[in-house]
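The structure appears below as structure tokens.
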Amino acid sequence: MNWKLPNQLTVGRMVLSIGFFVLLGMYEQGSECGRWLLNIAFVLYIVAGITDVLDGYLARRWKLTSAFGRILDPVMDKILVVGAFIMLAGPNFTMAPDAVDHRLPAWITGGMASAVQAWMVVVILGREFLVSGVRGYSESQGMKFPATPAGKIKMFVQSFAICTALYQQANVTVPMWAVYMKVICVWLAVIVTLVSGLAYMNKARVLLLGRDE
């Protein structure tokens with residue numbers, strides 16, 4: 001393996017991701033340390049996001065791209081984002097009986113304090129499986145299938161939604177404006193995920209139909 005700084009950052013993001021998931025798994029609503037667990041997880045996620053941007057930038061600038069980075073970097077991105085949504089849809093994020101979120105219709109939050117519902121996780125995970133499958137088949141046929149701007153926007157919106165849900169649940173649970181912002185960000189992340197998936201499918205249309213453009 002080419003053990004240069006970009007790859008070190010990628011491995012570092014793996015370690016940060018593990019810590020992030022452990023913290024979310026330990027979280028319990030109403031517990032004394034619950035707020036601190038979410039705040040630390042919030043910081044870890046942001047640091048992991050910074051390493052994601054930095055390792056790609058350095059690899060391109062210093063021309064240190066490697067097979068290790070090309071394979072592990074996008075995999076770690078998917079693990080971090082999809083894993084975060086899975087954890088936020090877990091039972092420890094079920095809405096408390098006295099939560100102000102109950103003012104919203106149940107279908108909007110699904111009874112989740114994070115506003116992340118199980119079906120949303122299925123949509124996000126399904127999109128990643130579908131795009132990864134198409135990309136793998138495309139590259140096996142010798143056709144490049146690079147990331148699109150829609151995919152990059154999707155990643156940013158998803159990360160923003162995750163950070164918003166964490167911060168709101170940890171620090172601003174009572175004001176309705178904060179609840180509205182959390183819900184809007186989560187739903188927007190799902191919508192952008194669907195749109196970006198359609199954009200990838202449109203790009204892969206020629207490949208899937210076996211036609212020449």
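Every chain in the structure tokens has a letter given in the order shown (A, B, ...), and although residue numbers restart at 1 in each chain, ligands are simply numbered from 1 in the order shown.
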
> Skipping near chain neighbours, those fewer than 4 positions away, what residues fall within 10 Å of A:Gly197 using only C-alpha atoms, listed as a ChimeraX atom specification?
Replying inline: /A:123-124,126-128,130-131,150-151,154,191-193,201-203

Could you dump the residues just selected with C-alpha atoms as a short mmCIF file (atom, residue, chain, number, x, y, z; two decimals), in the first residue's frame?
```cif
data_model
loop_
_atom_site.label_atom_id
_atom_site.label_comp_id
_atom_site.auth_asym_id
_atom_site.auth_seq_id
_atom_site.Cartn_x
_atom_site.Cartn_y
_atom_site.Cartn_z
CA VAL A 123 -34.03 4.59 0.17
CA ILE A 124 -30.52 5.85 0.94
CA GLY A 126 -30.84 1.22 -1.99
CA ARG A 127 -29.50 4.18 -3.92
CA GLU A 128 -25.94 3.39 -2.86
CA LEU A 130 -27.78 0.59 -7.17
CA VAL A 131 -25.16 3.17 -8.12
CA ALA A 150 -25.31 15.55 -8.21
CA GLY A 151 -23.49 12.89 -6.20
CA LYS A 154 -26.03 14.59 -2.29
CA ILE A 191 -35.20 13.90 -1.82
CA VAL A 192 -31.71 14.84 -3.02
CA THR A 193 -30.66 11.20 -2.65
CA MET A 201 -29.39 6.12 -13.76
CA ASN A 202 -29.91 8.51 -16.64
CA LYS A 203 -26.15 8.64 -17.14
#
```

> If you count only C-alpha atoms, which residues fall within 9 Å of A:Gly49, apart from same-chain ones fewer than 5 positions away, as a VMD selection string?
Replying inline: chain A and resid 13 44 54 77 159

> Within 7 Å of stretch 80-94 of chain A, counting only C-alpha atoms, which residues qualify if same-chain residues fewer than 6 places away don't, as a PyMOL selection string?
Replying inline: chain A and resi 17+24+27-29+111-114+116-118+121+124-125+159

Take the residues from that selection and put them in a file with C-alpha atoms, as an mmCIF file, in the first residue's frame.
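Just written: out36.cif:
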```cif
data_model
loop_
_atom_site.group_PDB
_atom_site.id
_atom_site.type_symbol
_atom_site.label_atom_id
_atom_site.label_comp_id
_atom_site.auth_asym_id
_atom_site.auth_seq_id
_atom_site.Cartn_x
_atom_site.Cartn_y
_atom_site.Cartn_z
ATOM 1 C CA SER A 17 -16.169 6.468 11.978
ATOM 2 C CA LEU A 24 -24.328 6.907 18.853
ATOM 3 C CA TYR A 27 -26.601 7.353 23.481
ATOM 4 C CA GLU A 28 -29.750 7.195 25.598
ATOM 5 C CA GLN A 29 -32.339 9.950 25.702
ATOM 6 C CA GLY A 111 -42.020 8.924 15.930
ATOM 7 C CA MET A 112 -38.254 9.441 15.735
ATOM 8 C CA ALA A 113 -36.485 12.217 17.630
ATOM 9 C CA SER A 114 -33.936 12.352 14.809
ATOM 10 C CA VAL A 116 -34.905 9.707 10.361
ATOM 11 C CA GLN A 117 -37.361 6.902 9.569
ATOM 12 C CA ALA A 118 -36.589 3.308 8.608
ATOM 13 C CA VAL A 121 -32.623 4.410 5.411
ATOM 14 C CA ILE A 124 -30.515 5.847 0.944
ATOM 15 C CA LEU A 125 -29.040 2.356 1.173
ATOM 16 C CA SER A 159 -23.946 15.218 5.930
#
```

>> For stretch 163-178 of chain A, find every residue with an atom within 10 Å (counting only C-alpha atoms), except residues of its own chain fewer than 6 positions away, and show them as a PyMOL selection string.
In response: chain A and resi 24+29+34-43+45-46+84+88+93+99-101+103-104+113-116+157+184-186

> as a ChimeraX atom specification, which residues of chain A does DSSP assign to alpha helix (DSSP H)?
Replying inline: /A:5-26,34-61,67-88,106-109,118-140,149-171,176-203,205-209

> Which residue gives the smallest distance to A:Tyr137 among A:Ala204, A:Asp55, A:Val15, A:Met26, with only C-alpha atoms counted?
Replying inline: A:Ala204

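In this comparison, which uses only C-alpha atoms, the residue of A:Gly25, A:Gly19, A:Gly133, A:Pro149 approaching A:Ala48 most closely is A:Gly19.
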